[in-house]
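Colleague: Compact mmCIF, C-alpha atoms and all ligand atoms, file query.txt:
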# COMPACT_ATOMS: atom_id res chain seq x y z
CA MET A 294 29.83 -18.36 5.76
CA THR A 295 26.96 -15.85 5.82
CA ASP A 296 27.90 -12.26 5.30
CA ASN A 297 26.45 -10.67 8.47
CA THR A 298 25.60 -7.49 6.59
CA HIS A 299 23.42 -9.30 4.05
CA ILE A 300 19.71 -8.64 4.75
CA ALA A 301 16.82 -9.93 2.65
CA ILE A 302 13.73 -7.73 2.39
CA ILE A 303 10.51 -9.20 1.03
CA GLY A 304 8.22 -6.60 -0.55
CA ALA A 305 9.08 -3.22 -2.08
CA GLY A 306 6.18 -1.09 -0.82
CA ILE A 307 6.79 1.90 1.42
CA ALA A 308 7.71 -0.36 4.38
CA GLY A 309 10.21 -2.48 2.42
CA LEU A 310 11.86 0.56 0.85
CA THR A 311 12.10 2.37 4.20
CA ALA A 312 13.68 -0.71 5.78
CA ALA A 313 16.13 -1.00 2.87
CA LEU A 314 17.17 2.66 3.09
CA ARG A 315 17.68 2.44 6.86
CA ALA A 316 19.66 -0.81 6.51
CA ARG A 317 21.90 0.78 3.92
CA GLU A 318 22.43 3.90 6.03
CA ALA A 319 23.66 1.59 8.82
CA GLY A 320 26.17 -0.12 6.53
CA PHE A 321 24.18 -3.27 5.70
CA THR A 322 23.51 -4.63 2.22
CA PRO A 323 19.76 -5.00 1.68
CA VAL A 324 18.58 -7.33 -1.09
CA LEU A 325 14.96 -6.65 -2.07
CA PHE A 326 12.51 -9.15 -3.55
CA GLU A 327 9.20 -8.00 -5.03
CA LYS A 328 6.63 -10.26 -6.66
CA SER A 329 5.20 -7.51 -8.88
CA ARG A 330 6.84 -5.91 -11.91
CA GLY A 331 7.89 -2.83 -9.97
CA PRO A 332 8.00 -1.28 -6.52
CA GLY A 333 5.05 0.47 -4.86
CA GLY A 334 2.75 -2.18 -3.45
CA ARG A 335 -0.51 -0.52 -2.44
CA LEU A 336 0.82 2.87 -3.52
CA ALA A 337 -0.42 1.92 -6.96
CA SER A 338 -1.34 3.68 -10.19
CA LYS A 339 -2.60 2.48 -13.54
CA ARG A 340 -2.24 4.08 -16.95
CA THR A 341 -5.46 4.36 -18.91
CA GLN A 342 -5.89 4.14 -22.67
CA ASP A 343 -6.54 7.88 -22.88
CA GLY A 344 -3.21 8.61 -21.18
CA ALA A 345 -4.46 9.39 -17.68
CA SER A 346 -2.90 7.98 -14.53
CA VAL A 347 -5.37 6.62 -11.99
CA ASP A 348 -4.62 5.94 -8.32
CA MET A 349 -5.94 2.44 -7.70
CA GLY A 350 -4.51 2.08 -4.17
CA ALA A 351 -3.73 4.79 -1.61
CA GLN A 352 -5.57 8.01 -2.44
CA PHE A 353 -3.25 10.37 -0.60
CA PHE A 354 -0.82 10.32 2.30
CA THR A 355 0.05 12.55 5.21
CA ILE A 356 3.55 13.59 6.28
CA ARG A 357 3.09 14.34 9.98
CA ASN A 358 6.14 12.44 11.20
CA SER A 359 9.32 14.53 10.91
CA ARG A 360 11.40 11.43 10.18
CA PHE A 361 9.09 10.55 7.26
CA LYS A 362 9.43 14.12 6.02
CA ALA A 363 13.23 13.87 6.21
CA LEU A 364 13.32 10.50 4.43
CA LEU A 365 11.17 11.85 1.58
CA ALA A 366 13.30 14.99 1.34
CA ASP A 367 16.54 12.96 1.31
CA TYR A 368 15.51 10.25 -1.12
CA ALA A 369 12.33 11.15 -3.04
CA GLY A 370 13.02 14.79 -3.86
CA GLU A 371 10.56 17.58 -4.46
CA GLU A 372 9.34 16.49 -7.88
CA ALA A 373 7.98 13.11 -6.79
CA LEU A 374 5.14 14.49 -4.65
CA GLN A 375 2.77 17.42 -4.36
CA LEU A 376 -0.01 18.66 -2.14
CA TRP A 377 -3.49 17.62 -3.22
CA ASP A 378 -5.45 20.78 -2.51
CA ALA A 379 -8.85 19.11 -2.46
CA THR A 380 -12.34 19.81 -1.20
CA LEU A 381 -13.14 16.69 0.80
CA TRP A 382 -16.44 15.80 2.41
CA HIS A 383 -17.43 13.25 5.00
CA GLU A 384 -20.84 11.64 5.44
CA ASN A 385 -21.75 10.32 8.89
CA THR A 386 -24.00 7.32 9.57
CA GLN A 387 -27.03 9.62 9.94
CA GLY A 388 -26.45 10.88 6.40
CA ALA A 389 -25.22 14.34 7.44
CA VAL A 390 -22.44 15.67 5.24
CA GLY A 391 -19.62 17.90 6.52
CA SER A 392 -15.99 18.69 5.80
CA PHE A 393 -13.44 15.91 6.08
CA HIS A 394 -10.91 16.53 8.87
CA GLN A 395 -8.28 19.13 8.03
CA ALA A 396 -4.84 17.85 7.02
CA LEU A 397 -2.14 18.42 4.45
CA ARG A 398 -2.63 15.60 1.95
CA TYR A 399 0.04 14.61 -0.55
CA VAL A 400 0.06 12.53 -3.72
CA GLY A 401 2.88 11.19 -5.85
CA THR A 402 3.45 13.11 -9.11
CA PRO A 403 2.86 12.48 -11.92
CA ARG A 404 1.47 9.27 -10.38
CA MET A 405 1.40 7.63 -6.95
CA THR A 406 4.25 5.26 -7.78
CA ALA A 407 6.60 8.20 -8.41
CA VAL A 408 7.33 8.24 -4.67
CA THR A 409 8.34 4.59 -4.41
CA ARG A 410 10.18 4.75 -7.74
CA ALA A 411 12.27 7.61 -6.38
CA LEU A 412 12.91 5.85 -3.06
CA SER A 413 14.02 2.72 -4.90
CA ALA A 414 16.31 4.54 -7.35
CA ASN A 415 19.44 3.44 -5.49
CA PHE A 416 18.63 -0.27 -5.31
CA ALA A 417 18.57 -3.06 -7.83
CA ILE A 418 15.25 -4.64 -6.82
CA ASN A 419 14.65 -8.25 -7.76
CA THR A 420 11.20 -7.72 -9.26
CA GLY A 421 8.87 -10.43 -10.52
CA ILE A 422 10.16 -12.80 -7.83
CA ARG A 423 7.68 -14.27 -5.37
CA ILE A 424 9.13 -15.67 -2.18
CA THR A 425 7.32 -18.83 -1.09
CA ALA A 426 9.26 -19.82 2.05
CA VAL A 427 11.83 -18.45 4.50
CA THR A 428 13.82 -21.29 5.99
CA PRO A 429 16.62 -21.42 8.57
CA GLU A 430 19.76 -23.23 7.37
CA PRO A 431 23.00 -23.75 9.34
CA ASP A 432 24.65 -20.83 7.50
CA GLY A 433 21.71 -18.36 7.56
CA TRP A 434 18.22 -17.85 6.11
CA THR A 435 17.32 -19.19 2.67
CA LEU A 436 14.46 -17.85 0.57
CA THR A 437 12.59 -20.19 -1.74
CA THR A 438 11.53 -18.82 -5.12
CA ASP A 439 10.29 -20.34 -8.38
CA GLU A 440 13.70 -19.55 -9.84
CA GLY A 441 15.59 -21.45 -7.14
CA PRO A 442 16.85 -20.63 -3.64
CA GLN A 443 18.28 -17.24 -2.64
CA GLY A 444 20.69 -16.64 0.20
CA PRO A 445 21.89 -17.32 2.75
CA PHE A 446 21.01 -14.08 4.52
CA ALA A 447 21.91 -13.06 8.06
CA ARG A 448 18.39 -11.67 8.62
CA VAL A 449 15.08 -11.37 6.79
CA ILE A 450 12.54 -8.54 6.88
CA ILE A 451 9.02 -9.46 5.70
CA THR A 452 6.74 -6.59 4.68
CA THR A 453 3.88 -8.53 3.09
CA PRO A 454 0.37 -8.42 4.59
CA PRO A 455 -0.03 -10.87 7.53
CA GLU A 456 -2.02 -13.48 5.60
CA GLN A 457 0.89 -13.79 3.15
CA ALA A 458 3.57 -13.59 5.86
CA ARG A 459 2.01 -16.54 7.70
CA ASN A 460 2.61 -18.74 4.63
CA LEU A 461 6.30 -17.88 4.47
CA VAL A 462 7.53 -18.87 7.91
CA ALA A 463 7.36 -22.01 10.09
CA GLU A 464 4.29 -22.53 12.29
CA SER A 465 6.47 -22.07 15.36
CA VAL A 466 7.39 -18.55 14.16
CA VAL A 467 3.71 -17.76 13.44
CA ALA A 468 2.86 -18.84 16.98
CA SER A 469 5.75 -17.10 18.73
CA LEU A 470 5.00 -13.78 17.00
CA GLY A 471 1.22 -14.07 17.46
CA LEU A 472 0.72 -13.64 13.71
CA GLU A 473 -2.76 -15.20 13.78
CA ALA A 474 -4.08 -12.09 15.54
CA PHE A 475 -3.71 -9.93 12.41
CA ARG A 476 -6.16 -9.76 9.54
CA MET A 477 -6.66 -7.49 6.55
CA LEU A 478 -9.93 -6.46 4.92
CA PRO A 479 -10.54 -6.49 1.16
CA CYS A 480 -11.46 -3.49 -1.00
CA TRP A 481 -12.95 -3.45 -4.48
CA THR A 482 -11.68 -0.39 -6.38
CA LEU A 483 -13.29 0.95 -9.53
CA ALA A 484 -12.06 3.79 -11.73
CA LEU A 485 -14.67 5.33 -14.02
CA ARG A 486 -14.25 7.65 -16.97
CA PHE A 487 -16.94 10.14 -17.99
CA GLU A 488 -17.07 12.16 -21.18
CA GLN A 489 -18.14 15.37 -19.42
CA ALA A 490 -16.91 16.73 -16.09
CA LEU A 491 -19.01 15.85 -13.05
CA THR A 492 -19.62 18.75 -10.69
CA PRO A 493 -20.87 17.42 -7.35
CA GLY A 494 -19.04 20.20 -5.45
CA PHE A 495 -16.29 18.06 -3.93
CA ASP A 496 -13.07 16.32 -5.01
CA GLY A 497 -13.41 13.41 -2.62
CA MET A 498 -16.00 12.09 -0.20
CA GLN A 499 -16.03 9.44 2.50
CA LEU A 500 -19.44 7.82 2.45
CA ALA A 501 -21.67 5.89 4.83
CA HIS A 502 -23.33 4.01 1.98
CA GLU A 503 -24.37 0.37 1.70
CA CYS A 504 -21.84 -0.19 -1.11
CA LEU A 505 -19.48 2.78 -1.47
CA GLY A 506 -16.96 3.93 1.16
CA TRP A 507 -15.04 6.56 -0.79
CA VAL A 508 -15.26 8.39 -4.11
CA ALA A 509 -12.71 10.85 -5.50
CA ARG A 510 -12.18 12.87 -8.61
CA ASN A 511 -8.82 11.48 -9.71
CA THR A 512 -8.62 14.28 -12.27
CA SER A 513 -8.48 16.87 -9.45
CA LYS A 514 -5.04 15.58 -8.41
CA PRO A 515 -1.96 17.24 -9.90
CA GLN A 516 -0.54 15.91 -13.19
CA ARG A 517 -3.05 13.06 -13.62
CA GLY A 518 -3.52 13.71 -17.35
CA ALA A 519 -6.58 14.04 -19.53
CA GLY A 520 -10.09 12.69 -19.07
CA GLU A 521 -12.66 12.86 -16.30
CA TRP A 522 -11.66 9.92 -14.11
CA TRP A 523 -13.22 9.05 -10.75
CA VAL A 524 -12.02 6.42 -8.26
CA LEU A 525 -14.56 4.54 -6.14
CA HIS A 526 -13.90 2.23 -3.19
CA ALA A 527 -16.51 -0.24 -2.02
CA ASN A 528 -16.66 -0.37 1.78
CA SER A 529 -15.09 -3.37 3.51
CA THR A 530 -18.40 -5.08 4.39
CA TRP A 531 -19.59 -4.92 0.77
CA SER A 532 -16.13 -5.91 -0.52
CA GLU A 533 -16.02 -8.88 1.84
CA SER A 534 -19.48 -10.08 0.81
CA HIS A 535 -18.55 -9.68 -2.90
CA ARG A 536 -15.08 -11.13 -2.52
CA ASP A 537 -15.63 -13.82 -5.15
CA THR A 538 -18.06 -11.96 -7.42
CA ALA A 539 -16.94 -11.51 -11.04
CA SER A 540 -15.17 -8.19 -11.55
CA SER A 541 -17.55 -7.16 -14.38
CA GLU A 542 -20.53 -7.62 -12.03
CA VAL A 543 -18.79 -5.66 -9.29
CA ALA A 544 -18.01 -2.85 -11.73
CA ALA A 545 -21.65 -2.69 -12.86
CA ALA A 546 -22.99 -2.65 -9.28
CA MET A 547 -20.55 0.03 -8.11
CA THR A 548 -21.23 2.18 -11.18
CA THR A 549 -24.98 2.03 -10.58
CA ALA A 550 -24.49 2.84 -6.88
CA PHE A 551 -22.35 5.89 -7.76
CA ARG A 552 -24.70 7.23 -10.44
CA GLN A 553 -27.75 6.81 -8.20
CA ARG A 554 -26.12 8.30 -5.10
CA PHE A 555 -25.02 11.46 -6.96
CA ASP A 556 -27.80 11.57 -9.53
CA ILE A 557 -25.41 11.29 -12.48
CA GLN A 558 -27.25 11.08 -15.80
CA GLN A 559 -24.38 10.36 -18.18
CA PRO A 560 -23.04 6.81 -18.45
CA ALA A 561 -19.39 5.97 -17.80
CA SER A 562 -17.40 5.54 -21.01
CA ASP A 563 -14.54 3.38 -19.65
CA TYR A 564 -13.53 1.63 -16.44
CA LEU A 565 -10.74 -0.17 -14.60
CA VAL A 566 -11.45 -2.51 -11.72
CA HIS A 567 -9.18 -4.07 -9.10
CA ARG A 568 -9.78 -6.29 -6.08
CA TRP A 569 -7.42 -5.72 -3.17
CA LEU A 570 -7.64 -8.84 -1.03
CA TYR A 571 -5.54 -7.28 1.71
CA ALA A 572 -6.32 -3.57 1.62
CA ARG A 573 -6.54 -2.36 5.22
CA PRO A 574 -5.96 -3.80 8.68
CA ALA A 575 -9.11 -5.10 10.39
CA GLY A 576 -8.18 -3.45 13.69
CA GLY A 577 -6.42 -5.57 16.28
CA PRO A 578 -3.07 -4.99 17.99
CA THR A 579 -0.62 -2.31 16.80
CA PRO A 580 2.78 -3.29 18.24
CA GLY A 581 4.65 -1.21 15.63
CA PHE A 582 6.69 -4.15 14.32
CA LEU A 583 7.50 -7.77 15.15
CA SER A 584 10.86 -9.44 15.57
CA THR A 585 11.77 -12.98 16.63
CA ALA A 586 13.60 -13.35 19.93
CA GLU A 587 16.83 -14.23 18.12
CA GLY A 588 16.35 -11.26 15.79
CA GLY A 589 16.57 -13.36 12.62
CA ILE A 590 13.13 -12.49 11.24
CA GLY A 591 11.44 -9.10 11.44
CA LEU A 592 8.03 -8.03 10.19
CA CYS A 593 6.89 -4.52 9.42
CA GLY A 594 4.10 -2.89 7.43
CA ASP A 595 1.02 -0.72 7.82
CA TRP A 596 -0.94 -3.51 9.55
CA LEU A 597 1.40 -3.30 12.54
CA ALA A 598 1.06 0.46 12.96
CA GLY A 599 -2.56 1.43 12.38
CA GLY A 600 -2.69 1.21 8.58
CA ARG A 601 -1.97 3.95 6.04
CA VAL A 602 1.17 4.95 4.20
CA GLU A 603 2.63 6.83 7.13
CA GLY A 604 1.95 3.81 9.37
CA ALA A 605 3.93 1.60 6.97
CA PHE A 606 6.85 4.05 7.16
CA GLU A 607 6.68 4.24 10.97
CA SER A 608 6.58 0.46 11.32
CA ALA A 609 9.68 -0.05 9.15
CA ASP A 610 11.49 2.87 10.74
CA ALA A 611 10.88 1.43 14.23
CA LEU A 612 12.06 -2.06 13.26
CA ALA A 613 15.16 -0.57 11.64
CA ALA A 614 15.91 1.51 14.74
CA GLN A 615 15.87 -1.64 16.87
CA TRP A 616 17.86 -3.75 14.42
CA PHE A 617 20.32 -1.24 13.01
CA GLY A 618 20.25 1.65 15.49
CA GLN A 619 18.81 5.14 15.04
CA PRO A 620 20.42 7.11 12.18
C1 LIG B 1 -7.71 0.86 -2.02
C2 LIG B 1 -6.75 1.39 -0.99
C3 LIG B 1 -6.83 2.72 -0.60
C4 LIG B 1 -5.95 3.24 0.35
N1 LIG B 1 -6.01 4.56 0.67
C5 LIG B 1 -5.08 5.10 1.49
C6 LIG B 1 -5.04 6.50 1.73
O1 LIG B 1 -5.80 7.26 1.16
N2 LIG B 1 -4.07 6.97 2.57
C7 LIG B 1 -3.16 6.15 3.19
O2 LIG B 1 -2.28 6.65 3.92
N3 LIG B 1 -3.18 4.81 2.96
C8 LIG B 1 -4.11 4.28 2.13
N4 LIG B 1 -4.12 2.94 1.88
C9 LIG B 1 -3.16 2.09 2.60
C10 LIG B 1 -1.75 2.21 2.02
O3 LIG B 1 -1.77 1.96 0.65
C11 LIG B 1 -0.87 1.20 2.76
O4 LIG B 1 -0.95 1.48 4.15
C12 LIG B 1 0.59 1.21 2.37
O5 LIG B 1 0.79 1.41 0.99
C13 LIG B 1 1.19 -0.12 2.83
O6 LIG B 1 2.58 -0.20 2.54
P1 LIG B 1 3.37 -1.53 2.93
O7 LIG B 1 4.75 -1.36 2.45
O8 LIG B 1 3.14 -1.82 4.38
O9 LIG B 1 2.63 -2.72 2.16
P2 LIG B 1 2.45 -2.98 0.59
O10 LIG B 1 2.38 -1.69 -0.13
O11 LIG B 1 1.30 -3.92 0.47
O12 LIG B 1 3.80 -3.69 0.18
C14 LIG B 1 4.00 -5.08 0.32
C15 LIG B 1 4.72 -5.57 -0.92
O13 LIG B 1 5.04 -6.96 -0.75
C16 LIG B 1 4.92 -7.59 -2.01
N5 LIG B 1 4.77 -9.03 -1.75
C17 LIG B 1 3.72 -9.65 -1.14
N6 LIG B 1 3.97 -10.97 -1.05
C18 LIG B 1 5.18 -11.18 -1.59
C19 LIG B 1 6.00 -12.34 -1.79
N7 LIG B 1 5.58 -13.55 -1.38
N8 LIG B 1 7.21 -12.22 -2.40
C20 LIG B 1 7.63 -10.99 -2.82
N9 LIG B 1 6.91 -9.85 -2.66
C21 LIG B 1 5.71 -9.95 -2.06
C22 LIG B 1 3.68 -6.93 -2.61
O14 LIG B 1 3.63 -7.09 -4.02
C23 LIG B 1 3.87 -5.47 -2.19
O15 LIG B 1 4.58 -4.72 -3.16
C24 LIG B 1 -4.98 2.39 0.94
C25 LIG B 1 -4.90 1.05 0.53
C26 LIG B 1 -5.77 0.56 -0.43
C27 LIG B 1 -5.63 -0.86 -0.88
What is this file in structure tokens?
Ligand SMILES: Cc1cc2nc3c(=O)[nH]c(=O)nc-3n(C[C@H](O)[C@H](O)[C@H](O)COP(=O)(O)OP(=O)(O)OC[C@H]3O[C@@H](n4cnc5c(N)ncnc54)[C@H](O)[C@@H]3O)c2cc1C

Modeller:
Amino acid sequence: MTDNTHIAIIGAGIAGLTAALRAREAGFTPVLFEKSRGPGGRLASKRTQDGASVDMGAQFFTIRNSRFKALLADYAGEEALQLWDATLWHENTQGAVGSFHQALRYVGTPRMTAVTRALSANFAINTGIRITAVTPEPDGWTLTTDEGPQGPFARVIITTPPEQARNLVAESVVASLGLEAFRMLPCWTLALRFEQALTPGFDGMQLAHECLGWVARNTSKPQRGAGEWWVLHANSTWSESHRDTASSEVAAAMTTAFRQRFDIQQPASDYLVHRWLYARPAGGPTPGFLSTAEGGIGLCGDWLAGGRVEGAFESADALAAQWFGQP
């Protein structure tokens, strides 16, 4: 017999952790599976050899939603995040540069993953386990993994990007939920270290450039450690057209683009590069979340709620409200 309170959650990013916390608040037992070594997903940081911590995924997040604010206050605590008091610029397609829109922007401290680490402190997450299929059995849902089957579970929440979610469920579920309508865009991310501080007058800038979409002085964020580290994002068109280019070539091209655009004379002394295949939603519908008619499978994540960290929270919070009731 399936225990009706047993819920499987695939993915331990902000959406998966929000869903797990809401499920637990409602008296269910969430069991989380995460393919990576730890929680966080696209709220990602990397340690560098010189001891810095570089944000390779989300650059900052907003806390406009009062329920998100309450969840962070209840479960993350004050030490896990801080305001990033940054000077941010925006370049429009005519090349005019102005201030980025005003907002309170937060970052995890001492690194981005501090937020998801804190949110996950009360769960034993099954990390390093990739789910390859979600299958209905007479006694509930079974998850297929390389280490053997898991379950049965009364319900399953999938928080992976849509391209990965489509591979987990039957074609009939893909069709009934309209999953083919969702697509994510890639993003090449490069972190560069310089020996001397760069002083372009801003901490972050959104660009209308043929290669670069965003550059930020990682070092300007609180508690990021030593070294002059910058994070660069290629825009989605460039990332898409260089999807299969070798990472060393991508790093060289992005470095040259950055140095030329800001007239930087000194060479970079170290770099980290990462390709996000599924970085941001490509537009399309924003239903908030998806759930099968029988309520056995639910999907949530940023791609269902306009992208961004706060969108991921709102998507999971809305699915949880429908499935478990509003706390
Ligand atoms: C380069 C970049 C910059 C960004 N900048 C910003 C920003 O400045 N501000 C902002 O608000 N947002 C930003 N975002 C978006 C933000 O990071 C996301 O909106 C948010 O983190 C998504 O959370 P999620 O839980 O929906 O998905 P994810 O964080 O992607 O979580 C999904 C999880 O599922 C796991 N998973 C996938 N497949 C499987 C499987 N088969 N089995 C088990 N586990 C699996 C993954 O490992 C991952 O941990 C950025 C994203 C990128 C990539």

Colleague: May I have the residues at most 10 Å from (-15.4, -10.5, -5.5) in the file's coordinates, counting all atoms listed in the file, as a list of chain:residue names?

Modeller: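 These residues have at least one counted atom within 10 Å: A:Pro479, A:Cys480, A:Trp481, A:Trp531, A:Ser532, A:Glu533, A:Ser534, A:His535, A:Arg536, A:Asp537, A:Thr538, A:Ala539, A:Ser540, A:Ser541, A:Glu542, A:Val543, A:His567, A:Arg568, A:Trp569, A:Leu570.
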
Colleague: Those residues with C-alpha atoms, as a short mmCIF file (atom, residue, chain, number, x, y, z; two decimals), in the coordinates of the input please?

Modeller:
data_model
loop_
_atom_site.label_atom_id
_atom_site.label_comp_id
_atom_site.auth_asym_id
_atom_site.auth_seq_id
_atom_site.Cartn_x
_atom_site.Cartn_y
_atom_site.Cartn_z
CA PRO A 479 -10.54 -6.49 1.16
CA CYS A 480 -11.46 -3.49 -1.00
CA TRP A 481 -12.95 -3.45 -4.48
CA TRP A 531 -19.59 -4.92 0.77
CA SER A 532 -16.13 -5.91 -0.52
CA GLU A 533 -16.02 -8.88 1.84
CA SER A 534 -19.48 -10.08 0.81
CA HIS A 535 -18.55 -9.68 -2.90
CA ARG A 536 -15.08 -11.13 -2.52
CA ASP A 537 -15.63 -13.82 -5.15
CA THR A 538 -18.06 -11.96 -7.42
CA ALA A 539 -16.94 -11.51 -11.04
CA SER A 540 -15.17 -8.19 -11.55
CA SER A 541 -17.55 -7.16 -14.38
CA GLU A 542 -20.53 -7.62 -12.03
CA VAL A 543 -18.79 -5.66 -9.29
CA HIS A 567 -9.18 -4.07 -9.10
CA ARG A 568 -9.78 -6.29 -6.08
CA TRP A 569 -7.42 -5.72 -3.17
CA LEU A 570 -7.64 -8.84 -1.03
#

Colleague: Find the spatial neighbours of Leu592 in chain A, counting all atoms listed in the file, within a cut-off of 6 Å - ignore same-chain residues fewer than 6 positions away - and output them as a list of chain:residue names.

Modeller: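 Everything that qualifies: A:Ile450, A:Ile451, A:Thr452, A:Phe582, A:Leu583.
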
Colleague: To one decimal place, how far is CA of Gly444 in chain A from CA of Val466 in chain A in Å?

Modeller: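 Between CA of Gly444 in chain A and CA of Val466 in chain A the gap works out to 19.4 Å.
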
Colleague: If you measure from CA of Leu597 in chain A to CA of Leu325 in chain A, what distance in Å do you get, rounded to one decimal?

Modeller: 20.2 Å

Colleague: Please define a box with edges along x, y and z of the file around all atoms of ligand LIG 1 (chain B) given in the file, extend it by 3 Å on each side, and return its centre and edge lengths in Å to one decimal, as AutoDock Vina command-line options.

Modeller:
--center_x 0.0 --center_y -3.1 --center_z 0.2 --size_x 21.3 --size_y 26.8 --size_z 14.4

Colleague: All residues within 6 Å of ligand LIG 1 (chain B) are required, counting all atoms listed in the file; please report them as a PyMOL selection string.

Modeller: chain A and resi 303-309+326-329+332-336+350-354+422-425+452-453+457+480+569+572+594-595+600-603+605

Colleague: Using only C-alpha atoms, can you tell me which of A:Gly576, A:Gly433, A:Gly506, A:Gly344 comes closest to Gly589 in chain A?

Modeller: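 Comparing A:Gly576, A:Gly433, A:Gly506, A:Gly344 against Gly589 in chain A, the winner is A:Gly433.
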
Colleague: When you look at Arg476 in chain A with a cut-off of 9 Å (counting only C-alpha atoms), what residues show up, excluding the ones that are within fewer than 5 positions of it in the same chain? I need them as a ChimeraX atom specification.

Modeller: /A:454-456,571,573-577,596

Colleague: Can you write out the residues you just picked, keeping C-alpha atoms, as a PDB file, keeping the file's coordinate frame?

Modeller:
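Dumped everything to again-v6.pdb:
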ATOM      1  CA  PRO A 454       0.370  -8.420   4.590  1.00  0.00           C
ATOM      2  CA  PRO A 455      -0.030 -10.870   7.530  1.00  0.00           C
ATOM      3  CA  GLU A 456      -2.020 -13.480   5.600  1.00  0.00           C
ATOM      4  CA  TYR A 571      -5.540  -7.280   1.710  1.00  0.00           C
ATOM      5  CA  ARG A 573      -6.540  -2.360   5.220  1.00  0.00           C
ATOM      6  CA  PRO A 574      -5.960  -3.800   8.680  1.00  0.00           C
ATOM      7  CA  ALA A 575      -9.110  -5.100  10.390  1.00  0.00           C
ATOM      8  CA  GLY A 576      -8.180  -3.450  13.690  1.00  0.00           C
ATOM      9  CA  GLY A 577      -6.420  -5.570  16.280  1.00  0.00           C
ATOM     10  CA  TRP A 596      -0.940  -3.510   9.550  1.00  0.00           C
TER      11      TRP A 596
END

Colleague: Using only C-alpha atoms for the distances, tell me which of A:Leu483, A:Ala389, A:Leu381, A:Met547 is nearest to Gln499 in chain A.

Modeller: A:Leu381

Colleague: One decimal, Å: what's the distance from CA of Ser392 in chain A over to CA of Leu500 in chain A, could you say?

Modeller: 11.9 Å

Colleague: For a quick check of understanding, using all atoms listed in the file, which of A:Ala490, A:Ala458, A:Ile356, A:Val324 has the smallest distance to Glu607 in chain A?

Modeller: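 Result for the nearest residue to Glu607 in chain A: A:Ile356.
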